[in-house]
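**Student:** Quick one: this structure, given as structure tokens, is what I'll be asking you about.
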Amino acid sequence: MVIPTVYIYLQLTFLIIINIYYMFNFIIFGPPGSGKGTQSAKIAEKYNLAHISTGDIFRKNIKEKTELGLKVKSIIDSGELVPDELLIDILKDAINSYSGVRGFIFDGFPRTIRQADEFEELLKSKNQKVSLVLSLKVDDEEIITRLMKRAEEQGRLDDTREVIENRLKVYHRQTEPLIEYYKKKGKFESIYGIGTIDEIFSNICKVIDRYI
Ligand code: ADP
């Protein structure tokens, strides 16, 4: 009787360890309007990953007029970044709301070096690490054209020309330094983000397949 119990216990422990070590933590990176959200939905479906978009979380909170939503609305509407100290708890809650997934796609996070450092710590405490950072390369001119079009279609308050230009400035100043940060860690890949949605998706999958 003792042996089967011990055997089952060992098997369970093994499965838990495998699960911890093989969580695929994928960061999709790029300027606003580079197609992160569109591609994330397709990647999540194909690879059974949970898609966590900090932008979507904020927009939901703004829509529902929660305390967080009221706090961040004017910041987001002006194209600035939400203060770093708010991010990590939001992320922890988002991660904890899923169970039984193979991994995560982080879309819109991290956006600053401080967020990336805190994220490393958080993953380390769970015996995990970032598996891959994939950047979508799109130039500023194309970004402005795309976001002006999105403004007409979706009416997002942070898609006016002035705010778009500010978001790009903020991206170059605060978020782009993360490229060097992750290059140094040897887990950074980049692909050209202009083309059809399916072409770009297929190029993304080729990269993911080398890591997953
Ligand atoms: P984008 O289309 O610019 O990629 P998102 O939908 O990802 O936009 O985010 C919209 C806004 O939400 C950002 O401009 C920013 O104000 C806020 N935001 C989202 N994620 C973060 C983050 N990780 N840190 C700070 N602010 C964030």
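Here, A, B, ... name the chains of the structure tokens in the order displayed, residue numbers run from 1 inside each chain, and ligands are numbered from 1 in the same displayed order.
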Neighbours of ligand 1 at 10 Å or closer, counting only C-alpha atoms and all ligand atoms: which residues, as a compact mmCIF listing (two decimals) with N, CA and C atoms, in the first residue's frame?
**Tutor:**
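The result, stored in out.txt:
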```txt
# COMPACT_ATOMS: atom_id res chain seq x y z
N PHE A 29 6.57 42.59 -28.11
CA PHE A 29 7.12 43.90 -27.88
C PHE A 29 7.01 44.75 -29.15
N GLY A 30 6.90 46.06 -28.99
CA GLY A 30 6.87 46.92 -30.17
C GLY A 30 6.17 48.22 -29.86
N PRO A 31 6.28 49.20 -30.76
CA PRO A 31 5.64 50.49 -30.52
C PRO A 31 4.12 50.36 -30.53
N PRO A 32 3.42 51.40 -30.05
CA PRO A 32 1.95 51.37 -30.13
C PRO A 32 1.54 51.19 -31.59
N GLY A 33 0.53 50.39 -31.82
CA GLY A 33 0.04 50.23 -33.18
C GLY A 33 0.88 49.30 -34.04
N SER A 34 1.79 48.56 -33.43
CA SER A 34 2.66 47.68 -34.24
C SER A 34 1.97 46.34 -34.52
N GLY A 35 0.80 46.13 -33.92
CA GLY A 35 0.05 44.91 -34.21
C GLY A 35 0.15 43.87 -33.10
N LYS A 36 0.60 44.29 -31.93
CA LYS A 36 0.78 43.34 -30.82
C LYS A 36 -0.53 42.66 -30.44
N GLY A 37 -1.59 43.47 -30.32
CA GLY A 37 -2.88 42.92 -29.89
C GLY A 37 -3.43 41.92 -30.90
N SER A 53 -3.04 41.62 -21.64
CA SER A 53 -2.76 42.93 -22.22
C SER A 53 -3.03 43.99 -21.15
N THR A 54 -1.98 44.69 -20.73
CA THR A 54 -2.19 45.70 -19.68
C THR A 54 -3.08 46.83 -20.22
N GLY A 55 -2.93 47.16 -21.52
CA GLY A 55 -3.79 48.20 -22.11
C GLY A 55 -5.26 47.79 -22.00
N ASP A 56 -5.58 46.53 -22.31
CA ASP A 56 -6.97 46.05 -22.22
C ASP A 56 -7.46 46.10 -20.77
N ILE A 57 -6.58 45.74 -19.83
CA ILE A 57 -6.98 45.76 -18.41
C ILE A 57 -7.33 47.19 -18.00
N PHE A 58 -6.48 48.14 -18.41
CA PHE A 58 -6.78 49.54 -18.06
C PHE A 58 -8.07 50.02 -18.72
N ARG A 59 -8.25 49.70 -19.99
CA ARG A 59 -9.46 50.17 -20.69
C ARG A 59 -10.72 49.59 -20.05
N VAL A 72 -6.29 56.17 -13.57
CA VAL A 72 -5.38 56.15 -14.73
C VAL A 72 -5.95 56.83 -15.98
N LYS A 73 -7.24 57.17 -15.95
CA LYS A 73 -7.87 57.65 -17.19
C LYS A 73 -7.14 58.84 -17.83
N SER A 74 -6.90 59.89 -17.03
CA SER A 74 -6.30 61.08 -17.64
C SER A 74 -4.87 60.82 -18.10
N ILE A 75 -4.17 59.92 -17.41
CA ILE A 75 -2.79 59.60 -17.81
C ILE A 75 -2.81 58.93 -19.18
N ILE A 76 -3.68 57.94 -19.32
CA ILE A 76 -3.76 57.19 -20.59
C ILE A 76 -4.25 58.10 -21.72
N ASP A 77 -5.25 58.94 -21.42
CA ASP A 77 -5.77 59.83 -22.46
C ASP A 77 -4.71 60.81 -22.96
N SER A 78 -3.68 61.07 -22.14
CA SER A 78 -2.65 62.02 -22.60
C SER A 78 -1.48 61.30 -23.26
N GLY A 79 -1.50 59.96 -23.23
CA GLY A 79 -0.45 59.20 -23.91
C GLY A 79 0.76 58.91 -23.03
N GLU A 80 0.67 59.26 -21.75
CA GLU A 80 1.79 58.97 -20.83
C GLU A 80 1.63 57.55 -20.29
N LEU A 81 2.66 57.09 -19.57
CA LEU A 81 2.58 55.76 -18.98
C LEU A 81 2.00 55.83 -17.57
N VAL A 82 1.25 54.81 -17.22
CA VAL A 82 0.73 54.65 -15.87
C VAL A 82 1.94 54.41 -14.95
N PRO A 83 1.93 55.00 -13.71
CA PRO A 83 3.12 54.83 -12.85
C PRO A 83 3.50 53.37 -12.62
N ASP A 84 4.81 53.13 -12.67
CA ASP A 84 5.33 51.76 -12.54
C ASP A 84 4.79 51.02 -11.32
N GLU A 85 4.66 51.74 -10.19
CA GLU A 85 4.29 51.04 -8.95
C GLU A 85 2.90 50.39 -9.02
N LEU A 86 2.07 50.85 -9.99
CA LEU A 86 0.74 50.24 -10.10
C LEU A 86 0.77 48.93 -10.88
N LEU A 87 1.83 48.78 -11.68
CA LEU A 87 1.80 47.69 -12.67
C LEU A 87 1.95 46.28 -12.11
N ILE A 88 2.91 46.10 -11.20
CA ILE A 88 3.27 44.73 -10.84
C ILE A 88 2.11 43.99 -10.15
N ILE A 90 -1.07 44.58 -10.61
CA ILE A 90 -2.08 44.31 -11.65
C ILE A 90 -1.68 43.04 -12.41
N LEU A 91 -0.39 42.95 -12.68
CA LEU A 91 0.12 41.80 -13.41
C LEU A 91 -0.01 40.51 -12.61
N PHE A 106 2.59 38.30 -22.78
CA PHE A 106 2.51 39.61 -22.14
C PHE A 106 2.56 40.67 -23.23
N ASP A 107 1.46 41.43 -23.31
CA ASP A 107 1.30 42.41 -24.39
C ASP A 107 1.17 43.79 -23.75
N GLY A 108 2.16 44.65 -23.97
CA GLY A 108 2.12 45.99 -23.36
C GLY A 108 2.82 46.03 -22.02
N PHE A 109 3.45 44.95 -21.66
CA PHE A 109 4.19 44.87 -20.40
C PHE A 109 5.40 43.97 -20.61
N PRO A 110 6.59 44.27 -20.10
CA PRO A 110 6.94 45.50 -19.40
C PRO A 110 7.17 46.66 -20.38
N ARG A 111 7.02 47.86 -19.87
CA ARG A 111 7.19 49.05 -20.72
C ARG A 111 8.31 49.95 -20.22
N THR A 112 8.89 49.61 -19.09
CA THR A 112 10.03 50.38 -18.56
C THR A 112 11.02 49.38 -17.96
N ARG A 114 12.26 49.50 -15.01
CA ARG A 114 11.84 49.13 -13.66
C ARG A 114 10.80 48.00 -13.70
N GLN A 115 9.84 48.11 -14.62
CA GLN A 115 8.84 47.03 -14.74
C GLN A 115 9.50 45.71 -15.10
N ALA A 116 10.51 45.78 -15.99
CA ALA A 116 11.18 44.54 -16.40
C ALA A 116 11.92 43.92 -15.22
N ILE A 143 3.24 53.83 -38.16
CA ILE A 143 2.48 53.81 -36.89
C ILE A 143 1.44 54.93 -36.87
N LEU A 147 -2.54 54.34 -36.60
CA LEU A 147 -3.31 54.76 -35.42
C LEU A 147 -4.36 55.82 -35.78
N ARG A 150 -7.14 53.77 -36.93
CA ARG A 150 -7.83 53.13 -35.79
C ARG A 150 -8.72 54.15 -35.07
N ARG A 156 -10.78 55.51 -30.01
CA ARG A 156 -10.04 55.51 -28.74
C ARG A 156 -9.54 56.91 -28.46
N ASP A 158 -7.08 57.91 -26.88
CA ASP A 158 -5.62 58.11 -26.96
C ASP A 158 -5.13 57.93 -28.40
N ASP A 159 -6.04 58.01 -29.36
CA ASP A 159 -5.63 57.88 -30.76
C ASP A 159 -5.78 59.20 -31.53
N VAL A 163 -1.82 62.97 -29.28
CA VAL A 163 -1.56 61.91 -28.28
C VAL A 163 -0.74 60.78 -28.89
N ILE A 164 -1.01 60.46 -30.16
CA ILE A 164 -0.23 59.40 -30.83
C ILE A 164 1.24 59.80 -30.85
N ASN A 166 2.77 61.78 -28.88
CA ASN A 166 3.33 61.69 -27.51
C ASN A 166 3.59 60.24 -27.13
N ARG A 167 2.67 59.32 -27.50
CA ARG A 167 2.87 57.90 -27.17
C ARG A 167 4.14 57.36 -27.83
N LEU A 168 4.38 57.85 -29.06
CA LEU A 168 5.61 57.40 -29.74
C LEU A 168 6.85 57.93 -29.03
N VAL A 170 7.08 58.72 -25.89
CA VAL A 170 7.20 57.96 -24.64
C VAL A 170 7.78 56.59 -24.92
N TYR A 171 7.34 55.97 -26.01
CA TYR A 171 7.86 54.64 -26.38
C TYR A 171 9.37 54.71 -26.60
N GLN A 174 11.12 55.67 -23.05
CA GLN A 174 11.02 54.81 -21.85
C GLN A 174 10.97 53.31 -22.15
N THR A 175 10.45 52.95 -23.32
CA THR A 175 10.25 51.52 -23.58
C THR A 175 11.34 50.92 -24.46
```
**Student:** Determine, using only C-alpha atoms, which residues of region 38-138 of chain A have any atom at most 12 Å from an atom of region 195-206 of chain A, and tabulate each with its shortest atom pair and distance in Å to one decimal place, rows ordered by chain and then rising number, as CSV.
**Tutor:**
```
residue,atom,partner,partner_atom,distance
A:Thr38,CA,A:Ile197,CA,8.0
A:Gln39,CA,A:Phe201,CA,6.4
A:Ser40,CA,A:Phe201,CA,9.2
A:Ala41,CA,A:Phe201,CA,10.4
A:Lys42,CA,A:Phe201,CA,7.6
A:Ile43,CA,A:Cys205,CA,7.7
A:Ala44,CA,A:Cys205,CA,11.1
A:Glu45,CA,A:Cys205,CA,11.9
A:Lys46,CA,A:Cys205,CA,9.1
A:Tyr47,CA,A:Cys205,CA,9.4
A:Leu132,CA,A:Ile204,CA,11.4
A:Val133,CA,A:Ile204,CA,11.1
A:Leu134,CA,A:Ile204,CA,8.0
A:Ser135,CA,A:Ile204,CA,9.5
A:Leu136,CA,A:Ile200,CA,9.0
A:Lys137,CA,A:Ile200,CA,10.8
A:Val138,CA,A:Gly195,CA,10.2
```
**Student:** For the residues in the current selection, export N, CA and C atoms as a PDB file, in the first residue's frame.
**Tutor:**
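That gives us selection-v3.pdb:
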```
ATOM      1  N   THR A  38      -3.394  42.308 -32.178  1.00  0.00           N
ATOM      2  CA  THR A  38      -3.913  41.455 -33.256  1.00  0.00           C
ATOM      3  C   THR A  38      -3.170  40.127 -33.283  1.00  0.00           C
ATOM      4  N   GLN A  39      -1.841  40.201 -33.245  1.00  0.00           N
ATOM      5  CA  GLN A  39      -1.043  38.979 -33.329  1.00  0.00           C
ATOM      6  C   GLN A  39      -1.184  38.142 -32.058  1.00  0.00           C
ATOM      7  N   SER A  40      -1.305  38.811 -30.896  1.00  0.00           N
ATOM      8  CA  SER A  40      -1.413  38.071 -29.627  1.00  0.00           C
ATOM      9  C   SER A  40      -2.619  37.143 -29.623  1.00  0.00           C
ATOM     10  N   ALA A  41      -3.735  37.639 -30.151  1.00  0.00           N
ATOM     11  CA  ALA A  41      -4.955  36.819 -30.147  1.00  0.00           C
ATOM     12  C   ALA A  41      -4.718  35.541 -30.946  1.00  0.00           C
ATOM     13  N   LYS A  42      -4.031  35.676 -32.082  1.00  0.00           N
ATOM     14  CA  LYS A  42      -3.779  34.499 -32.928  1.00  0.00           C
ATOM     15  C   LYS A  42      -2.768  33.552 -32.262  1.00  0.00           C
ATOM     16  N   ILE A  43      -1.747  34.131 -31.645  1.00  0.00           N
ATOM     17  CA  ILE A  43      -0.721  33.310 -30.987  1.00  0.00           C
ATOM     18  C   ILE A  43      -1.340  32.550 -29.805  1.00  0.00           C
ATOM     19  N   ALA A  44      -2.165  33.268 -29.032  1.00  0.00           N
ATOM     20  CA  ALA A  44      -2.788  32.660 -27.846  1.00  0.00           C
ATOM     21  C   ALA A  44      -3.591  31.432 -28.260  1.00  0.00           C
ATOM     22  N   GLU A  45      -4.334  31.569 -29.353  1.00  0.00           N
ATOM     23  CA  GLU A  45      -5.178  30.473 -29.803  1.00  0.00           C
ATOM     24  C   GLU A  45      -4.327  29.291 -30.291  1.00  0.00           C
ATOM     25  N   LYS A  46      -3.330  29.592 -31.108  1.00  0.00           N
ATOM     26  CA  LYS A  46      -2.530  28.499 -31.697  1.00  0.00           C
ATOM     27  C   LYS A  46      -1.736  27.730 -30.635  1.00  0.00           C
ATOM     28  N   TYR A  47      -1.161  28.469 -29.655  1.00  0.00           N
ATOM     29  CA  TYR A  47      -0.250  27.802 -28.714  1.00  0.00           C
ATOM     30  C   TYR A  47      -0.858  27.576 -27.326  1.00  0.00           C
ATOM     31  N   LEU A 132      10.951  34.298 -24.106  1.00  0.00           N
ATOM     32  CA  LEU A 132      11.261  34.938 -25.393  1.00  0.00           C
ATOM     33  C   LEU A 132      10.639  36.333 -25.433  1.00  0.00           C
ATOM     34  N   VAL A 133      11.409  37.285 -25.994  1.00  0.00           N
ATOM     35  CA  VAL A 133      10.864  38.619 -26.265  1.00  0.00           C
ATOM     36  C   VAL A 133      10.906  38.793 -27.774  1.00  0.00           C
ATOM     37  N   LEU A 134       9.748  39.008 -28.359  1.00  0.00           N
ATOM     38  CA  LEU A 134       9.701  39.153 -29.817  1.00  0.00           C
ATOM     39  C   LEU A 134       9.207  40.553 -30.166  1.00  0.00           C
ATOM     40  N   SER A 135      10.034  41.271 -30.895  1.00  0.00           N
ATOM     41  CA  SER A 135       9.699  42.652 -31.219  1.00  0.00           C
ATOM     42  C   SER A 135       9.172  42.767 -32.644  1.00  0.00           C
ATOM     43  N   LEU A 136       8.117  43.564 -32.801  1.00  0.00           N
ATOM     44  CA  LEU A 136       7.580  43.842 -34.139  1.00  0.00           C
ATOM     45  C   LEU A 136       8.120  45.206 -34.565  1.00  0.00           C
ATOM     46  N   LYS A 137       8.910  45.191 -35.643  1.00  0.00           N
ATOM     47  CA  LYS A 137       9.551  46.440 -36.084  1.00  0.00           C
ATOM     48  C   LYS A 137       8.659  47.179 -37.068  1.00  0.00           C
ATOM     49  N   VAL A 138       8.202  48.370 -36.665  1.00  0.00           N
ATOM     50  CA  VAL A 138       7.380  49.193 -37.550  1.00  0.00           C
ATOM     51  C   VAL A 138       7.839  50.640 -37.386  1.00  0.00           C
TER      52      VAL A 138
END
```
**Student:** Would you list, as an MDAnalysis selection string, the residues of region 48-204 of chain A that end up in strand (DSSP E) under DSSP run on this structure's backbone?
**Tutor:** chainID A and resid 50:53 103:107 132:137 188:192
**Student:** Could you write out that same residue set with N, CA and C atoms as a short mmCIF file (atom, residue, chain, number, x, y, z; two decimals), in the first residue's frame?
**Tutor:**
```
data_model
loop_
_atom_site.label_atom_id
_atom_site.label_comp_id
_atom_site.auth_asym_id
_atom_site.auth_seq_id
_atom_site.Cartn_x
_atom_site.Cartn_y
_atom_site.Cartn_z
N ALA A 50 -2.26 32.15 -22.35
CA ALA A 50 -3.18 33.17 -21.86
C ALA A 50 -2.63 34.54 -22.27
N HIS A 51 -3.50 35.37 -22.84
CA HIS A 51 -3.08 36.69 -23.34
C HIS A 51 -3.35 37.74 -22.27
N ILE A 52 -2.28 38.36 -21.77
CA ILE A 52 -2.46 39.42 -20.78
C ILE A 52 -2.05 40.75 -21.41
N SER A 53 -3.04 41.62 -21.64
CA SER A 53 -2.76 42.93 -22.22
C SER A 53 -3.03 43.99 -21.15
N GLY A 103 1.28 28.73 -20.69
CA GLY A 103 2.14 29.90 -20.57
C GLY A 103 1.35 31.17 -20.84
N PHE A 104 2.07 32.28 -20.98
CA PHE A 104 1.42 33.59 -21.12
C PHE A 104 2.03 34.38 -22.27
N ILE A 105 1.18 35.25 -22.85
CA ILE A 105 1.70 36.28 -23.74
C ILE A 105 1.51 37.59 -23.01
N PHE A 106 2.59 38.30 -22.78
CA PHE A 106 2.51 39.61 -22.14
C PHE A 106 2.56 40.67 -23.23
N ASP A 107 1.46 41.43 -23.31
CA ASP A 107 1.30 42.41 -24.39
C ASP A 107 1.17 43.79 -23.75
N LEU A 132 10.95 34.30 -24.11
CA LEU A 132 11.26 34.94 -25.39
C LEU A 132 10.64 36.33 -25.43
N VAL A 133 11.41 37.29 -25.99
CA VAL A 133 10.86 38.62 -26.26
C VAL A 133 10.91 38.79 -27.77
N LEU A 134 9.75 39.01 -28.36
CA LEU A 134 9.70 39.15 -29.82
C LEU A 134 9.21 40.55 -30.17
N SER A 135 10.03 41.27 -30.90
CA SER A 135 9.70 42.65 -31.22
C SER A 135 9.17 42.77 -32.64
N LEU A 136 8.12 43.56 -32.80
CA LEU A 136 7.58 43.84 -34.14
C LEU A 136 8.12 45.21 -34.56
N LYS A 137 8.91 45.19 -35.64
CA LYS A 137 9.55 46.44 -36.08
C LYS A 137 8.66 47.18 -37.07
N PHE A 188 16.15 37.89 -27.10
CA PHE A 188 15.45 38.90 -27.89
C PHE A 188 15.47 38.54 -29.37
N GLU A 189 14.31 38.60 -30.01
CA GLU A 189 14.22 38.36 -31.45
C GLU A 189 13.37 39.49 -32.03
N SER A 190 13.61 39.77 -33.32
CA SER A 190 12.87 40.86 -33.91
C SER A 190 12.40 40.47 -35.32
N ILE A 191 11.19 40.85 -35.66
CA ILE A 191 10.75 40.59 -37.03
C ILE A 191 10.12 41.86 -37.61
N TYR A 192 10.06 41.92 -38.93
CA TYR A 192 9.51 43.07 -39.62
C TYR A 192 7.98 43.05 -39.47
#
```
**Student:** Taking only C-alpha atoms into account, name the residue in A:Ile113, A:Ile28, A:Ile62, A:Leu123 that is nearest to Gly193 (chain A).
**Tutor:** A:Ile28
**Student:** Interatomic distance between CA of Glu162 (chain A) and CA of Ile144 (chain A)?
**Tutor:** 10.2 Å
**Student:** What lies within 9 Å of region 98-102 of chain A using only C-alpha atoms, ignoring chain neighbours under 6 positions off, as a list in words?
**Tutor:**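 Final neighbour list, sorted by chain and number: Asn19, Tyr22, Met23, Phe24, Asn25, Tyr47, Asn48, Leu49 and Ala50 of chain A.
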**Student:** May I have the selected residues written with N, CA and C atoms, as a compact mmCIF listing (two decimals), in the first residue's frame?
**Tutor:**
```txt
# COMPACT_ATOMS: atom_id res chain seq x y z
N ASN A 19 5.72 21.37 -15.05
CA ASN A 19 4.82 22.47 -15.35
C ASN A 19 5.49 23.81 -15.05
N TYR A 22 8.38 24.52 -17.58
CA TYR A 22 8.03 24.66 -18.98
C TYR A 22 6.94 25.69 -19.25
N MET A 23 6.66 26.56 -18.28
CA MET A 23 5.72 27.64 -18.58
C MET A 23 6.38 28.54 -19.62
N PHE A 24 5.67 28.82 -20.69
CA PHE A 24 6.25 29.63 -21.76
C PHE A 24 5.83 31.09 -21.53
N ASN A 25 6.77 31.91 -21.10
CA ASN A 25 6.48 33.32 -20.82
C ASN A 25 6.99 34.17 -21.96
N TYR A 47 -1.16 28.47 -29.65
CA TYR A 47 -0.25 27.80 -28.71
C TYR A 47 -0.86 27.58 -27.33
N ASN A 48 -2.15 27.84 -27.20
CA ASN A 48 -2.84 27.70 -25.91
C ASN A 48 -2.15 28.49 -24.80
N LEU A 49 -1.96 29.79 -25.05
CA LEU A 49 -1.35 30.68 -24.06
C LEU A 49 -2.41 31.67 -23.59
N ALA A 50 -2.26 32.15 -22.35
CA ALA A 50 -3.18 33.17 -21.86
C ALA A 50 -2.63 34.54 -22.27
```
**Student:** Taking the chain letters and numbering used in this document, name the residues of chain A that DSSP puts in alpha helix (DSSP H), as a PyMOL selection string.
**Tutor:** chain A and resi 2-21+36-47+54-63+67-77+84-96+113-125+140-154+161-170+177-184+197-211
**Student:** Restrict the selected residues to C-alpha atoms and save them as a compact mmCIF listing (two decimals), in the first residue's frame.
**Tutor:**
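Below is the file that was written, out24.txt:
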```
# COMPACT_ATOMS: atom_id res chain seq x y z
CA VAL A 2 2.87 2.35 0.85
CA ILE A 3 4.66 1.92 -2.47
CA PRO A 4 1.78 3.04 -4.74
CA THR A 5 1.17 6.12 -2.55
CA VAL A 6 4.84 7.09 -2.72
CA TYR A 7 4.82 6.42 -6.46
CA ILE A 8 1.78 8.63 -7.06
CA TYR A 9 3.30 11.36 -4.89
CA LEU A 10 6.55 11.26 -6.88
CA GLN A 11 4.69 11.38 -10.16
CA LEU A 12 2.66 14.38 -9.03
CA THR A 13 5.79 16.20 -7.87
CA PHE A 14 7.41 15.48 -11.22
CA LEU A 15 4.40 16.88 -13.09
CA ILE A 16 4.37 20.02 -10.96
CA ILE A 17 8.09 20.57 -11.58
CA ILE A 18 7.70 20.03 -15.33
CA ASN A 19 4.82 22.47 -15.35
CA ILE A 20 6.82 25.14 -13.51
CA TYR A 21 9.88 24.83 -15.71
CA LYS A 36 0.78 43.34 -30.82
CA GLY A 37 -2.88 42.92 -29.89
CA THR A 38 -3.91 41.45 -33.26
CA GLN A 39 -1.04 38.98 -33.33
CA SER A 40 -1.41 38.07 -29.63
CA ALA A 41 -4.96 36.82 -30.15
CA LYS A 42 -3.78 34.50 -32.93
CA ILE A 43 -0.72 33.31 -30.99
CA ALA A 44 -2.79 32.66 -27.85
CA GLU A 45 -5.18 30.47 -29.80
CA LYS A 46 -2.53 28.50 -31.70
CA TYR A 47 -0.25 27.80 -28.71
CA THR A 54 -2.19 45.70 -19.68
CA GLY A 55 -3.79 48.20 -22.11
CA ASP A 56 -6.97 46.05 -22.22
CA ILE A 57 -6.98 45.76 -18.41
CA PHE A 58 -6.78 49.54 -18.06
CA ARG A 59 -9.46 50.17 -20.69
CA LYS A 60 -11.81 47.70 -18.96
CA ASN A 61 -11.26 49.46 -15.63
CA ILE A 62 -11.86 52.87 -17.21
CA LYS A 63 -15.07 51.63 -18.82
CA GLU A 67 -10.97 53.09 -8.59
CA LEU A 68 -8.03 52.05 -10.78
CA GLY A 69 -9.85 53.22 -13.91
CA LEU A 70 -10.53 56.66 -12.45
CA LYS A 71 -6.91 56.94 -11.33
CA VAL A 72 -5.38 56.15 -14.73
CA LYS A 73 -7.87 57.65 -17.19
CA SER A 74 -6.30 61.08 -17.64
CA ILE A 75 -2.79 59.60 -17.81
CA ILE A 76 -3.76 57.19 -20.59
CA ASP A 77 -5.77 59.83 -22.46
CA ASP A 84 5.33 51.76 -12.54
CA GLU A 85 4.29 51.04 -8.95
CA LEU A 86 0.74 50.24 -10.10
CA LEU A 87 1.80 47.69 -12.67
CA ILE A 88 3.27 44.73 -10.84
CA ASP A 89 0.22 44.07 -8.63
CA ILE A 90 -2.08 44.31 -11.65
CA LEU A 91 0.12 41.80 -13.41
CA LYS A 92 0.22 39.42 -10.44
CA ASP A 93 -3.59 39.46 -10.26
CA ALA A 94 -3.85 38.82 -13.99
CA ILE A 95 -1.44 35.88 -13.85
CA ASN A 96 -3.19 34.39 -10.82
CA ILE A 113 13.28 49.01 -17.16
CA ARG A 114 11.84 49.13 -13.66
CA GLN A 115 8.84 47.03 -14.74
CA ALA A 116 11.18 44.54 -16.40
CA ASP A 117 13.29 44.26 -13.24
CA GLU A 118 10.22 43.73 -11.07
CA PHE A 119 8.91 41.19 -13.55
CA GLU A 120 12.17 39.20 -13.39
CA GLU A 121 11.84 39.13 -9.59
CA LEU A 122 8.22 38.01 -9.78
CA LEU A 123 9.01 35.20 -12.20
CA LYS A 124 12.05 34.17 -10.17
CA SER A 125 9.85 33.80 -7.08
CA ASP A 140 6.98 55.86 -36.88
CA GLU A 141 5.41 57.03 -40.15
CA GLU A 142 3.50 53.73 -40.58
CA ILE A 143 2.48 53.81 -36.89
CA ILE A 144 0.95 57.27 -37.23
CA THR A 145 -1.00 56.22 -40.36
CA ARG A 146 -2.29 53.05 -38.64
CA LEU A 147 -3.31 54.76 -35.42
CA MET A 148 -5.07 57.62 -37.21
CA LYS A 149 -7.07 54.95 -39.07
CA ARG A 150 -7.83 53.13 -35.79
CA ALA A 151 -9.04 56.45 -34.36
CA GLU A 152 -11.70 56.61 -37.08
CA GLU A 153 -12.71 52.98 -36.57
CA GLN A 154 -12.62 52.62 -32.79
CA ARG A 161 -2.66 62.85 -33.62
CA GLU A 162 -1.20 64.82 -30.72
CA VAL A 163 -1.56 61.91 -28.28
CA ILE A 164 -0.23 59.40 -30.83
CA GLU A 165 2.89 61.53 -31.26
CA ASN A 166 3.33 61.69 -27.51
CA ARG A 167 2.87 57.90 -27.17
CA LEU A 168 5.61 57.40 -29.74
CA LYS A 169 7.90 59.81 -27.90
CA VAL A 170 7.20 57.96 -24.64
CA PRO A 177 15.73 50.78 -23.91
CA LEU A 178 14.23 47.37 -23.10
CA ILE A 179 15.53 46.11 -26.45
CA GLU A 180 19.13 46.35 -25.18
CA TYR A 181 18.02 45.00 -21.78
CA TYR A 182 16.63 41.80 -23.30
CA LYS A 183 19.33 41.53 -26.00
CA LYS A 184 21.89 41.32 -23.20
CA ILE A 197 -1.54 39.85 -40.76
CA ASP A 198 -1.08 36.24 -41.89
CA GLU A 199 2.45 36.81 -43.24
CA ILE A 200 3.54 38.41 -39.99
CA PHE A 201 1.81 35.69 -37.95
CA SER A 202 3.60 33.00 -39.92
CA ASN A 203 6.98 34.70 -39.29
CA ILE A 204 6.16 34.98 -35.58
CA CYS A 205 5.28 31.27 -35.41
CA LYS A 206 8.61 30.34 -37.01
CA VAL A 207 10.41 32.15 -34.18
CA ILE A 208 8.17 30.77 -31.42
CA ASP A 209 8.62 27.22 -32.73
CA ARG A 210 12.37 27.54 -32.11
CA TYR A 211 11.77 28.40 -28.44
```
**Student:** Take CA of Lys129 (chain A) and CA of Gly186 (chain A) and report the distance between them in Å, one decimal.
**Tutor:**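 That distance, rounded to one decimal, is 12.5 Å.
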**Student:** Just the number, please: distance in Å from CA of Asp139 (chain A) to CA of Glu176 (chain A), one decimal.
**Tutor:** 12.8 Å
